[in-house]
>>> print(open('final-v5.txt').read())   # compact mmCIF, C-alpha atoms and all ligand atoms
# COMPACT_ATOMS: atom_id res chain seq x y z
CA MET A 5 0.00 0.00 0.00
CA LEU A 6 2.75 2.44 0.92
CA SER A 7 4.75 2.43 -2.30
CA TYR A 8 5.35 6.19 -2.47
CA ARG A 9 8.95 7.36 -1.89
CA HIS A 10 9.53 11.07 -1.73
CA SER A 11 13.20 10.58 -2.64
CA PHE A 12 12.13 10.31 -6.33
CA HIS A 13 10.60 13.78 -6.18
CA ALA A 14 12.73 15.71 -3.65
CA GLY A 15 13.43 19.32 -4.57
CA ASN A 16 10.98 19.42 -7.52
CA HIS A 17 8.69 22.39 -8.24
CA ALA A 18 6.07 20.99 -5.85
CA ASP A 19 8.60 20.89 -3.00
CA VAL A 20 9.67 24.44 -3.85
CA LEU A 21 6.07 25.69 -3.51
CA LYS A 22 5.35 23.63 -0.39
CA HIS A 23 8.52 24.54 1.46
CA ILE A 24 8.46 28.26 0.64
CA VAL A 25 4.86 28.50 1.89
CA LEU A 26 5.75 26.38 4.94
CA LEU A 27 8.71 28.59 5.79
CA GLY A 28 6.54 31.68 5.31
CA VAL A 29 4.01 30.44 7.90
CA LEU A 30 6.79 29.42 10.28
CA LYS A 31 8.32 32.89 9.98
CA LYS A 32 4.96 34.42 10.93
CA LEU A 33 4.85 32.13 14.00
CA CYS A 34 8.40 33.17 14.93
CA ALA A 35 7.39 36.84 14.88
CA LYS A 36 6.20 36.38 18.48
CA ASP A 37 8.36 34.87 21.25
CA LYS A 38 5.51 32.61 22.35
CA ALA A 39 6.24 28.96 21.59
CA PHE A 40 4.61 27.09 18.70
CA SER A 41 3.83 23.47 17.87
CA TYR A 42 4.50 22.01 14.45
CA ILE A 43 2.76 18.76 13.47
CA ASP A 44 3.84 17.08 10.22
CA SER A 45 1.35 14.28 9.50
CA HIS A 46 3.28 12.91 6.47
CA SER A 47 6.88 13.77 7.39
CA GLY A 48 8.84 11.67 4.94
CA ALA A 49 12.57 11.18 5.56
CA GLY A 50 13.42 14.79 6.45
CA MET A 51 16.55 14.83 4.25
CA TYR A 52 17.16 13.71 0.66
CA ASP A 53 20.42 12.97 -1.14
CA LEU A 54 20.03 14.27 -4.69
CA LEU A 55 22.85 11.96 -5.80
CA SER A 56 20.90 8.85 -4.72
CA SER A 57 19.67 6.56 -7.50
CA ASN A 58 16.06 7.38 -6.60
CA ALA A 59 16.60 11.14 -6.94
CA LEU A 60 18.63 10.73 -10.13
CA MET A 61 15.97 8.54 -11.77
CA ASN A 62 14.01 11.52 -13.15
CA ALA A 63 16.17 14.30 -11.64
CA GLU A 64 13.00 16.17 -10.70
CA TYR A 65 15.03 18.65 -8.63
CA GLU A 66 16.11 20.14 -11.98
CA SER A 67 12.57 21.54 -12.34
CA GLY A 68 12.77 23.10 -8.88
CA ILE A 69 15.60 23.81 -6.47
CA SER A 70 18.35 23.60 -9.14
CA ARG A 71 16.80 26.59 -10.91
CA LEU A 72 16.75 28.72 -7.73
CA TRP A 73 19.85 27.52 -5.93
CA LYS A 74 22.30 30.16 -7.21
CA HIS A 75 19.82 33.03 -7.47
CA ASP A 76 20.26 36.24 -5.51
CA PHE A 77 16.70 36.87 -4.28
CA LYS A 78 15.43 40.26 -3.07
CA ASN A 79 12.63 38.85 -0.91
CA ALA A 80 13.68 37.96 2.67
CA LEU A 81 11.57 34.77 2.75
CA LEU A 82 13.28 33.51 -0.40
CA GLN A 83 16.67 34.41 1.08
CA ASP A 84 15.71 32.32 4.15
CA TYR A 85 14.55 29.43 1.96
CA LEU A 86 17.93 29.29 0.23
CA ALA A 87 19.79 29.86 3.51
CA CYS A 88 18.09 26.75 4.90
CA VAL A 89 18.94 24.61 1.84
CA ARG A 90 22.50 25.99 1.80
CA SER A 91 22.97 25.15 5.49
CA PHE A 92 22.88 21.46 4.47
CA ASN A 93 25.28 22.02 1.56
CA GLU A 94 28.08 23.99 3.13
CA ASP A 95 30.62 23.24 0.40
CA GLY A 96 28.48 25.22 -2.07
CA GLU A 97 27.44 22.21 -4.19
CA LEU A 98 23.75 21.28 -4.17
CA ARG A 99 23.55 17.69 -2.93
CA PHE A 100 21.16 17.50 0.04
CA TYR A 101 17.61 18.80 -0.06
CA PRO A 102 15.77 19.17 3.27
CA GLY A 103 12.26 17.80 3.74
CA SER A 104 9.45 19.60 5.55
CA PRO A 105 10.57 18.48 9.07
CA ALA A 106 14.08 19.87 8.43
CA PHE A 107 12.67 23.24 7.31
CA ALA A 108 10.57 23.31 10.49
CA LEU A 109 13.48 22.42 12.77
CA TRP A 110 15.69 25.00 11.03
CA SER A 111 13.03 27.63 11.88
CA ALA A 112 12.29 26.45 15.43
CA ARG A 113 13.50 28.21 18.59
CA THR A 114 14.32 26.46 21.90
CA GLN A 115 10.70 26.87 23.09
CA ASP A 116 9.09 25.27 19.99
CA ARG A 117 8.01 21.62 19.59
CA LEU A 118 7.80 19.32 16.55
CA GLN A 119 5.62 16.19 16.21
CA LEU A 120 6.58 14.15 13.14
CA LEU A 121 4.51 11.24 11.81
CA ASP A 122 5.08 8.69 9.08
CA LEU A 123 4.32 4.99 8.60
CA GLN A 124 7.21 3.93 6.39
CA PRO A 125 10.09 2.37 8.42
CA GLU A 126 12.80 3.42 5.92
CA GLU A 127 11.67 7.05 5.95
CA LEU A 128 11.43 6.99 9.74
CA GLY A 129 14.98 5.62 10.00
CA VAL A 130 16.42 8.54 8.02
CA LEU A 131 14.20 11.00 9.91
CA GLN A 132 15.45 9.62 13.22
CA TYR A 133 19.07 9.88 12.03
CA TYR A 134 18.84 13.53 10.94
CA LEU A 135 16.34 15.00 13.40
CA GLY A 136 15.65 12.44 16.12
CA ARG A 137 18.35 13.51 18.56
CA ASP A 138 16.94 17.00 18.94
CA GLU A 139 14.96 17.22 22.18
CA ARG A 140 12.33 19.46 20.56
CA VAL A 141 11.42 16.65 18.17
CA SER A 142 9.06 13.68 18.74
CA ILE A 143 8.84 11.07 15.99
CA HIS A 144 5.80 8.77 15.73
CA GLN A 145 5.30 5.70 13.57
CA ARG A 146 1.62 6.34 13.22
CA ASP A 147 -1.12 6.79 10.65
CA ALA A 148 -1.22 10.42 9.58
CA PHE A 149 -4.96 10.99 9.85
CA GLU A 150 -5.53 9.06 13.08
CA GLY A 151 -2.35 10.49 14.64
CA LEU A 152 -2.96 14.11 13.69
CA LEU A 153 -6.39 14.03 15.28
CA ALA A 154 -5.07 12.29 18.41
CA LEU A 155 -2.28 14.87 18.84
CA THR A 156 -4.69 17.78 18.49
CA PRO A 157 -4.86 20.27 20.13
CA PRO A 158 -1.13 20.27 20.80
CA GLU A 159 0.75 21.96 23.59
CA PRO A 160 1.84 24.71 23.03
CA ARG A 161 -1.44 25.73 21.39
CA ARG A 162 -0.13 28.19 18.81
CA GLY A 163 1.08 26.40 15.76
CA LEU A 164 0.82 24.74 12.40
CA ALA A 165 -0.08 21.32 11.04
CA LEU A 166 1.17 20.30 7.60
CA ILE A 167 -0.79 17.59 5.77
CA ASP A 168 1.20 16.34 2.79
CA PRO A 169 -0.20 13.04 1.48
CA SER A 170 1.02 11.42 -1.72
CA PHE A 171 -2.64 11.16 -2.94
CA GLU A 172 -1.87 7.74 -4.44
CA GLN A 173 -5.27 6.67 -3.17
CA LYS A 174 -8.11 8.88 -4.27
CA GLU A 175 -9.77 8.38 -0.86
CA ASP A 176 -7.00 10.64 0.50
CA TYR A 177 -8.91 13.70 -0.78
CA GLN A 178 -11.96 12.89 1.34
CA ARG A 179 -9.72 11.91 4.28
CA VAL A 180 -8.02 15.31 4.12
CA VAL A 181 -11.36 17.13 4.23
CA ASN A 182 -12.62 14.98 7.12
CA VAL A 183 -9.49 15.42 9.21
CA ALA A 184 -9.24 19.16 8.49
CA LYS A 185 -12.81 19.67 9.69
CA LYS A 186 -12.27 17.66 12.90
CA VAL A 187 -8.86 19.14 13.68
CA MET A 188 -10.04 22.72 13.23
CA ARG A 189 -12.98 22.06 15.53
CA ARG A 190 -10.61 20.81 18.25
CA TRP A 191 -7.90 23.37 17.53
CA PRO A 192 -9.55 26.60 16.38
CA VAL A 193 -6.37 28.67 16.76
CA GLY A 194 -4.25 26.27 14.72
CA ILE A 195 -3.01 27.00 11.22
CA MET A 196 -3.30 24.17 8.73
CA ALA A 197 -1.39 23.77 5.46
CA ILE A 198 -2.45 21.11 2.95
CA TRP A 199 -0.44 20.26 -0.17
CA TYR A 200 -2.26 18.91 -3.26
CA PRO A 201 -1.29 18.00 -6.83
CA ILE A 202 -2.74 19.60 -9.96
CA LEU A 203 -3.07 16.79 -12.51
CA ALA A 204 -4.16 16.52 -16.14
CA SER A 205 -7.75 17.78 -16.34
CA ASP A 206 -9.52 14.38 -16.59
CA ARG A 207 -7.92 13.26 -13.31
CA ASP A 208 -7.56 16.55 -11.49
CA ARG A 209 -9.26 16.48 -8.07
CA SER A 210 -7.91 19.85 -6.91
CA PRO A 211 -11.11 21.82 -7.76
CA TRP A 212 -13.13 19.27 -5.75
CA LEU A 213 -10.75 19.58 -2.77
CA LYS A 214 -10.92 23.38 -2.75
CA ALA A 215 -14.70 23.41 -3.09
CA ALA A 216 -15.11 20.82 -0.34
CA LEU A 217 -13.01 22.86 2.10
CA GLN A 218 -14.84 26.03 1.09
CA ARG A 219 -18.17 24.36 1.95
CA GLU A 220 -16.93 23.57 5.47
CA LYS A 221 -16.84 27.33 6.17
CA LEU A 222 -13.45 27.15 7.84
CA SER A 223 -11.85 30.47 8.69
CA SER A 224 -9.58 32.30 6.27
CA VAL A 225 -8.89 29.63 3.66
CA MET A 226 -6.44 30.52 0.91
CA SER A 227 -4.93 28.55 -1.95
CA ILE A 228 -1.58 29.23 -3.57
CA GLU A 229 -0.94 27.31 -6.80
CA LEU A 230 2.19 26.97 -8.88
CA ARG A 231 1.86 25.55 -12.38
CA VAL A 232 4.76 24.49 -14.61
CA ALA A 233 5.08 22.52 -17.82
CA GLU A 234 4.11 18.88 -17.42
CA GLN A 235 7.19 16.86 -16.58
CA ALA A 236 6.45 13.95 -14.23
CA GLN A 237 4.87 11.85 -16.97
CA GLU A 238 3.66 8.96 -14.82
CA TYR A 239 1.49 11.28 -12.74
CA GLY A 240 0.89 13.97 -15.35
CA MET A 241 1.46 16.56 -12.64
CA HIS A 242 1.08 20.06 -14.09
CA GLY A 243 1.69 21.82 -10.81
CA SER A 244 0.55 21.81 -7.23
CA GLY A 245 -1.08 23.91 -4.58
CA MET A 246 -1.02 24.69 -0.90
CA LEU A 247 -4.25 25.31 0.96
CA LEU A 248 -4.03 27.30 4.17
CA ILE A 249 -6.68 27.44 6.89
CA ASN A 250 -6.45 30.29 9.42
CA THR A 251 -4.08 31.93 6.97
CA PRO A 252 -1.73 34.37 8.74
CA TRP A 253 -2.34 38.07 8.37
CA GLN A 254 -1.08 39.71 5.14
CA PHE A 255 0.04 36.35 3.77
CA SER A 256 -1.49 36.91 0.35
CA ALA A 257 0.66 40.00 -0.27
CA LEU A 258 3.76 38.13 0.90
CA MET A 259 3.03 35.20 -1.46
CA GLN A 260 2.39 37.60 -4.34
CA ASP A 261 5.85 39.17 -3.89
CA VAL A 262 7.53 35.79 -3.45
CA PHE A 263 6.07 34.03 -6.48
CA GLU A 264 6.54 37.05 -8.73
CA GLU A 265 10.27 36.51 -8.11
CA VAL A 266 10.22 32.72 -8.30
CA VAL A 267 8.02 32.01 -11.32
CA PRO A 268 10.25 33.55 -14.05
CA LEU A 269 13.02 31.15 -12.95
CA LEU A 270 10.82 28.08 -13.46
CA GLY A 271 10.40 28.30 -17.22
CA ASP A 272 8.18 29.96 -19.82
CA ASN A 273 5.10 27.95 -18.91
CA ALA A 274 5.23 28.62 -15.17
CA SER A 275 2.51 30.66 -13.47
CA PHE A 276 0.99 31.14 -10.04
CA LEU A 277 -2.47 31.83 -8.68
CA ILE A 278 -3.51 32.97 -5.21
CA GLU A 279 -7.19 32.66 -4.27
CA THR A 280 -9.08 33.60 -1.12
CA LEU A 281 -11.64 30.83 -0.60
CA THR A 282 -13.14 32.01 2.70
CA GLU A 283 -12.68 35.15 4.77
CA ALA A 284 -11.52 35.30 8.40
CA GLU A 285 -14.37 34.71 10.90
C1 LIG B 1 4.84 13.52 0.05
S1 LIG B 1 5.72 12.53 1.19
C2 LIG B 1 6.11 13.64 2.47
C3 LIG B 1 7.11 14.71 2.12
C4 LIG B 1 7.44 15.66 3.23
N1 LIG B 1 6.24 16.20 3.87
C5 LIG B 1 8.29 16.81 2.74
O1 LIG B 1 7.75 17.83 2.31
O2 LIG B 1 9.52 16.68 2.79
C6 LIG B 1 4.41 11.58 1.91
C7 LIG B 1 4.84 10.69 3.06
O3 LIG B 1 3.66 10.19 3.68
C8 LIG B 1 3.90 8.88 4.15
N2 LIG B 1 2.58 8.27 4.30
C9 LIG B 1 1.74 7.80 3.34
N3 LIG B 1 0.58 7.38 3.89
C10 LIG B 1 0.67 7.61 5.23
C11 LIG B 1 -0.20 7.41 6.32
N4 LIG B 1 -1.43 6.89 6.17
N5 LIG B 1 0.23 7.77 7.54
C12 LIG B 1 1.47 8.31 7.73
N6 LIG B 1 2.34 8.52 6.72
C13 LIG B 1 1.95 8.17 5.49
C14 LIG B 1 4.80 8.27 3.12
O4 LIG B 1 5.57 7.22 3.71
C15 LIG B 1 5.67 9.47 2.70
O5 LIG B 1 6.87 9.47 3.42
>>> encode(input="final-v5.txt", output="structure tokens", more="lines below")
Ligand SMILES: C[S@@+](CC[C@H](N)C(=O)[O-])C[C@H]1O[C@@H](n2cnc3c(N)ncnc32)[C@H](O)[C@@H]1O
Amino acid sequence: MLSYRHSFHAGNHADVLKHIVLLGVLKKLCAKDKAFSYIDSHSGAGMYDLLSSNALMNAEYESGISRLWKHDFKNALLQDYLACVRSFNEDGELRFYPGSPAFALWSARTQDRLQLLDLQPEELGVLQYYLGRDERVSIHQRDAFEGLLALTPPEPRRGLALIDPSFEQKEDYQRVVNVAKKVMRRWPVGIMAIWYPILASDRDRSPWLKAALQREKLSSVMSIELRVAEQAQEYGMHGSGMLLINTPWQFSALMQDVFEEVVPLLGDNASFLIETLTEAE
């Protein structure tokens, strides 16, 4: 059942979108000294070697981080994004690409706490190796949807949950909506970020996902989508999106500035779209 390996996709355009948005929310949380919780329901391995045979198979990082790696960005969030990636590649050659838990730990202060979940033993082994010794980090071999709900509301209460399924099973779309609804009821102050793929039109479930979350009348829901030329043939992935619930203040303007700088680097067919799906309550 669990055949997905993120190592085939690490650093691609979808990771670029996801991790820039993630870092943007984490920066907003760091604007106050008060501690935050970070829950990553689908953590993956936390660190990816771009010279591994999996990563080299389709070299997807060439559609993403490779195009940004040497760029001198004006925007402070983009400077932070590259500073984080560069901190794992101190000799100046791009080899390691951090996963979402590594971006979160890079952002965290002493008072912050990370709860990381995955089911796959191999991914958990790498995650434990790179992040497990840090006392702010708890790693759980646990189902994402069951575990996220059980760990909610977290202590400290301020914070962010990232839901990043592979969507190999189409039931994952409904599972995401169900868990988002329940988690937000238990944790009304929490911020939630949900990654989703944008596929070829006959298989694309992203409009359904956005409409379903809009119907739940959750507070301040925003989507940020990044489209590129089709390149992962087996999935036909044209781009991807991040949905935010309880979107931080002035986040839309920040994302506008960020993706205006990023998109021209991702090729002639790249574009982005920011939509407000519900207003703040
Ligand atoms: C897209 S990858 C995660 C990538 C990671 N969030 C990042 O950005 O670096 C999805 C992960 O979810 C895990 N996974 C799939 N189904 C799961 C489930 N039901 N519960 C927990 N983890 C699951 C997979 O093993 C895989 O590592």
>>> residues_near_point(input="final-v5.txt", point="(1.9, 28.0, 17.7)", cutoff="8 Å", atoms="all atoms listed in the file", output="list of chain:residue names")
A:Leu33, A:Lys38, A:Ala39, A:Phe40, A:Ser41, A:Tyr42, A:Pro160, A:Arg161, A:Arg162, A:Gly163, A:Leu164, A:Gly194
>>> closest_atom_pairs(input="final-v5.txt", of="chain A", to="ligand LIG 1 (chain B)", cutoff="9 Å", atoms="all atoms listed in the file", output="Markdown table")
| residue | atom | partner | partner_atom | distance |
| --- | --- | --- | --- | --- |
| A:Met5 | CA | B:LIG1 | N3 | 8.4 |
| A:Leu6 | CA | B:LIG1 | C9 | 6.0 |
| A:Ser7 | CA | B:LIG1 | O4 | 7.7 |
| A:Tyr8 | CA | B:LIG1 | C14 | 6.0 |
| A:Arg9 | CA | B:LIG1 | C15 | 6.0 |
| A:His10 | CA | B:LIG1 | S1 | 5.0 |
| A:Ser11 | CA | B:LIG1 | S1 | 8.6 |
| A:His13 | CA | B:LIG1 | C1 | 8.5 |
| A:Ala14 | CA | B:LIG1 | O2 | 7.3 |
| A:Gly15 | CA | B:LIG1 | O2 | 8.7 |
| A:Ala18 | CA | B:LIG1 | O1 | 8.9 |
| A:Asp19 | CA | B:LIG1 | O1 | 6.2 |
| A:Lys22 | CA | B:LIG1 | O1 | 6.8 |
| A:His23 | CA | B:LIG1 | O1 | 6.8 |
| A:Asp44 | CA | B:LIG1 | N1 | 6.8 |
| A:Ser45 | CA | B:LIG1 | C12 | 6.2 |
| A:His46 | CA | B:LIG1 | O3 | 3.9 |
| A:Ser47 | CA | B:LIG1 | N1 | 4.3 |
| A:Gly48 | CA | B:LIG1 | O5 | 3.3 |
| A:Ala49 | CA | B:LIG1 | O5 | 6.3 |
| A:Gly50 | CA | B:LIG1 | O2 | 5.7 |
| A:Met51 | CA | B:LIG1 | O2 | 7.4 |
| A:Tyr52 | CA | B:LIG1 | O2 | 8.5 |
| A:Tyr101 | CA | B:LIG1 | O2 | 8.8 |
| A:Pro102 | CA | B:LIG1 | O2 | 6.7 |
| A:Gly103 | CA | B:LIG1 | O2 | 3.1 |
| A:Ser104 | CA | B:LIG1 | O2 | 4.0 |
| A:Pro105 | CA | B:LIG1 | O2 | 6.6 |
| A:Ala106 | CA | B:LIG1 | O2 | 7.9 |
| A:Phe107 | CA | B:LIG1 | O2 | 8.6 |
| A:Leu121 | CA | B:LIG1 | C12 | 5.9 |
| A:Asp122 | CA | B:LIG1 | N6 | 3.6 |
| A:Leu123 | CA | B:LIG1 | C12 | 4.5 |
| A:Gln124 | CA | B:LIG1 | O4 | 4.5 |
| A:Pro125 | CA | B:LIG1 | O4 | 8.1 |
| A:Glu126 | CA | B:LIG1 | O4 | 8.5 |
| A:Glu127 | CA | B:LIG1 | O5 | 5.9 |
| A:Leu128 | CA | B:LIG1 | O5 | 8.2 |
| A:Gln145 | CA | B:LIG1 | C12 | 7.5 |
| A:Arg146 | CA | B:LIG1 | C12 | 5.8 |
| A:Asp147 | CA | B:LIG1 | N5 | 3.5 |
| A:Ala148 | CA | B:LIG1 | N5 | 3.6 |
| A:Phe149 | CA | B:LIG1 | N5 | 6.5 |
| A:Glu150 | CA | B:LIG1 | N5 | 8.1 |
| A:Gly151 | CA | B:LIG1 | N5 | 8.0 |
| A:Leu166 | CA | B:LIG1 | N1 | 7.5 |
| A:Ile167 | CA | B:LIG1 | N1 | 7.4 |
| A:Asp168 | CA | B:LIG1 | N1 | 5.2 |
| A:Pro169 | CA | B:LIG1 | C6 | 4.9 |
| A:Ser170 | CA | B:LIG1 | C1 | 4.7 |
| A:Phe171 | CA | B:LIG1 | C9 | 8.4 |
| A:Glu172 | CA | B:LIG1 | C9 | 8.6 |
| A:Asp176 | CA | B:LIG1 | N4 | 8.8 |
| A:Trp199 | CA | B:LIG1 | C1 | 8.6 |
>>> residues_around(input="final-v5.txt", residues="Asp37 in chain A", least_positions_apart="4", cutoff="10 Å", atoms="only C-alpha atoms", output="list in words")
Leu33, Arg113, Gln115 and Asp116 of chain A
>>> closest_residue(input="final-v5.txt", among="A:Glu285, A:Arg189, A:Leu270, A:Thr280", to="Ser223 in chain A", atoms="only C-alpha atoms")
A:Glu285
>>> atom_distance(input="final-v5.txt", atom1="CA of Val262 in chain A", atom2="CA of Ala197 in chain A")
17.4 Å
>>> atom_distance(input="final-v5.txt", atom1="CA of Gln173 in chain A", atom2="CA of Leu247 in chain A")
19.1 Å
>>> closest_residue(input="final-v5.txt", among="A:Glu64, A:Asp206, A:Glu283, A:Asp261", to="Gly28 in chain A", atoms="all atoms listed in the file")
A:Asp261
>>> atom_distance(input="final-v5.txt", atom1="CA of Asp76 in chain A", atom2="CA of Pro252 in chain A")
26.3 Å
>>> residues_near_point(input="final-v5.txt", point="(-6.0, 29.1, 12.0)", cutoff="6 Å", atoms="all atoms listed in the file", output="JSON list (two decimals) with C-alpha atoms, in the coordinates of the input")
[["chain", "number", "residue", "atom", "x", "y", "z"],
["A", 193, "VAL", "CA", -6.37, 28.67, 16.76],
["A", 194, "GLY", "CA", -4.25, 26.27, 14.72],
["A", 195, "ILE", "CA", -3.01, 27.00, 11.22],
["A", 249, "ILE", "CA", -6.68, 27.44, 6.89],
["A", 250, "ASN", "CA", -6.45, 30.29, 9.42]]
>>> closest_residue(input="final-v5.txt", among="A:Met241, A:Val181, A:Met188, A:Met196", to="Leu217 in chain A", atoms="all atoms listed in the file")
A:Val181
>>> build_atoms(input="final-v5.txt", residues="range 246-259 of chain A", atoms="N, CA, C and O atoms", output="mmCIF file, in the coordinates of the input")
data_model
loop_
_atom_site.group_PDB
_atom_site.id
_atom_site.type_symbol
_atom_site.label_atom_id
_atom_site.label_comp_id
_atom_site.auth_asym_id
_atom_site.auth_seq_id
_atom_site.Cartn_x
_atom_site.Cartn_y
_atom_site.Cartn_z
ATOM 1 N N MET A 246 -0.996 24.755 -2.366
ATOM 2 C CA MET A 246 -1.020 24.690 -0.900
ATOM 3 C C MET A 246 -2.294 25.394 -0.452
ATOM 4 O O MET A 246 -2.551 26.541 -0.849
ATOM 5 N N LEU A 247 -3.070 24.698 0.352
ATOM 6 C CA LEU A 247 -4.250 25.310 0.960
ATOM 7 C C LEU A 247 -3.892 25.693 2.379
ATOM 8 O O LEU A 247 -3.279 24.890 3.098
ATOM 9 N N LEU A 248 -4.257 26.879 2.781
ATOM 10 C CA LEU A 248 -4.030 27.300 4.170
ATOM 11 C C LEU A 248 -5.372 27.552 4.827
ATOM 12 O O LEU A 248 -6.275 28.124 4.205
ATOM 13 N N ILE A 249 -5.504 27.137 6.074
ATOM 14 C CA ILE A 249 -6.680 27.440 6.890
ATOM 15 C C ILE A 249 -6.185 28.281 8.055
ATOM 16 O O ILE A 249 -5.102 27.999 8.603
ATOM 17 N N ASN A 250 -6.940 29.291 8.449
ATOM 18 C CA ASN A 250 -6.450 30.290 9.420
ATOM 19 C C ASN A 250 -5.171 30.938 8.884
ATOM 20 O O ASN A 250 -4.157 31.052 9.592
ATOM 21 N N THR A 251 -5.235 31.327 7.637
ATOM 22 C CA THR A 251 -4.080 31.930 6.970
ATOM 23 C C THR A 251 -3.563 33.131 7.773
ATOM 24 O O THR A 251 -4.368 33.975 8.190
ATOM 25 N N PRO A 252 -2.260 33.218 7.991
ATOM 26 C CA PRO A 252 -1.730 34.370 8.740
ATOM 27 C C PRO A 252 -2.032 35.699 8.035
ATOM 28 O O PRO A 252 -2.200 35.759 6.811
ATOM 29 N N TRP A 253 -2.029 36.715 8.822
ATOM 30 C CA TRP A 253 -2.340 38.070 8.370
ATOM 31 C C TRP A 253 -1.360 38.517 7.276
ATOM 32 O O TRP A 253 -0.148 38.271 7.385
ATOM 33 N N GLN A 254 -1.857 39.153 6.252
ATOM 34 C CA GLN A 254 -1.080 39.710 5.140
ATOM 35 C C GLN A 254 -0.257 38.663 4.374
ATOM 36 O O GLN A 254 0.767 38.979 3.777
ATOM 37 N N PHE A 255 -0.718 37.423 4.429
ATOM 38 C CA PHE A 255 0.040 36.350 3.770
ATOM 39 C C PHE A 255 -0.096 36.410 2.253
ATOM 40 O O PHE A 255 0.847 36.067 1.531
ATOM 41 N N SER A 256 -1.255 36.853 1.798
ATOM 42 C CA SER A 256 -1.490 36.910 0.350
ATOM 43 C C SER A 256 -0.481 37.856 -0.320
ATOM 44 O O SER A 256 0.109 37.530 -1.356
ATOM 45 N N ALA A 257 -0.288 39.027 0.300
ATOM 46 C CA ALA A 257 0.660 40.000 -0.270
ATOM 47 C C ALA A 257 2.081 39.444 -0.261
ATOM 48 O O ALA A 257 2.842 39.622 -1.228
ATOM 49 N N LEU A 258 2.425 38.735 0.819
ATOM 50 C CA LEU A 258 3.760 38.130 0.900
ATOM 51 C C LEU A 258 3.947 37.104 -0.226
ATOM 52 O O LEU A 258 4.967 37.095 -0.933
ATOM 53 N N MET A 259 2.933 36.241 -0.425
ATOM 54 C CA MET A 259 3.030 35.200 -1.460
ATOM 55 C C MET A 259 3.086 35.811 -2.863
ATOM 56 O O MET A 259 3.774 35.311 -3.740
#
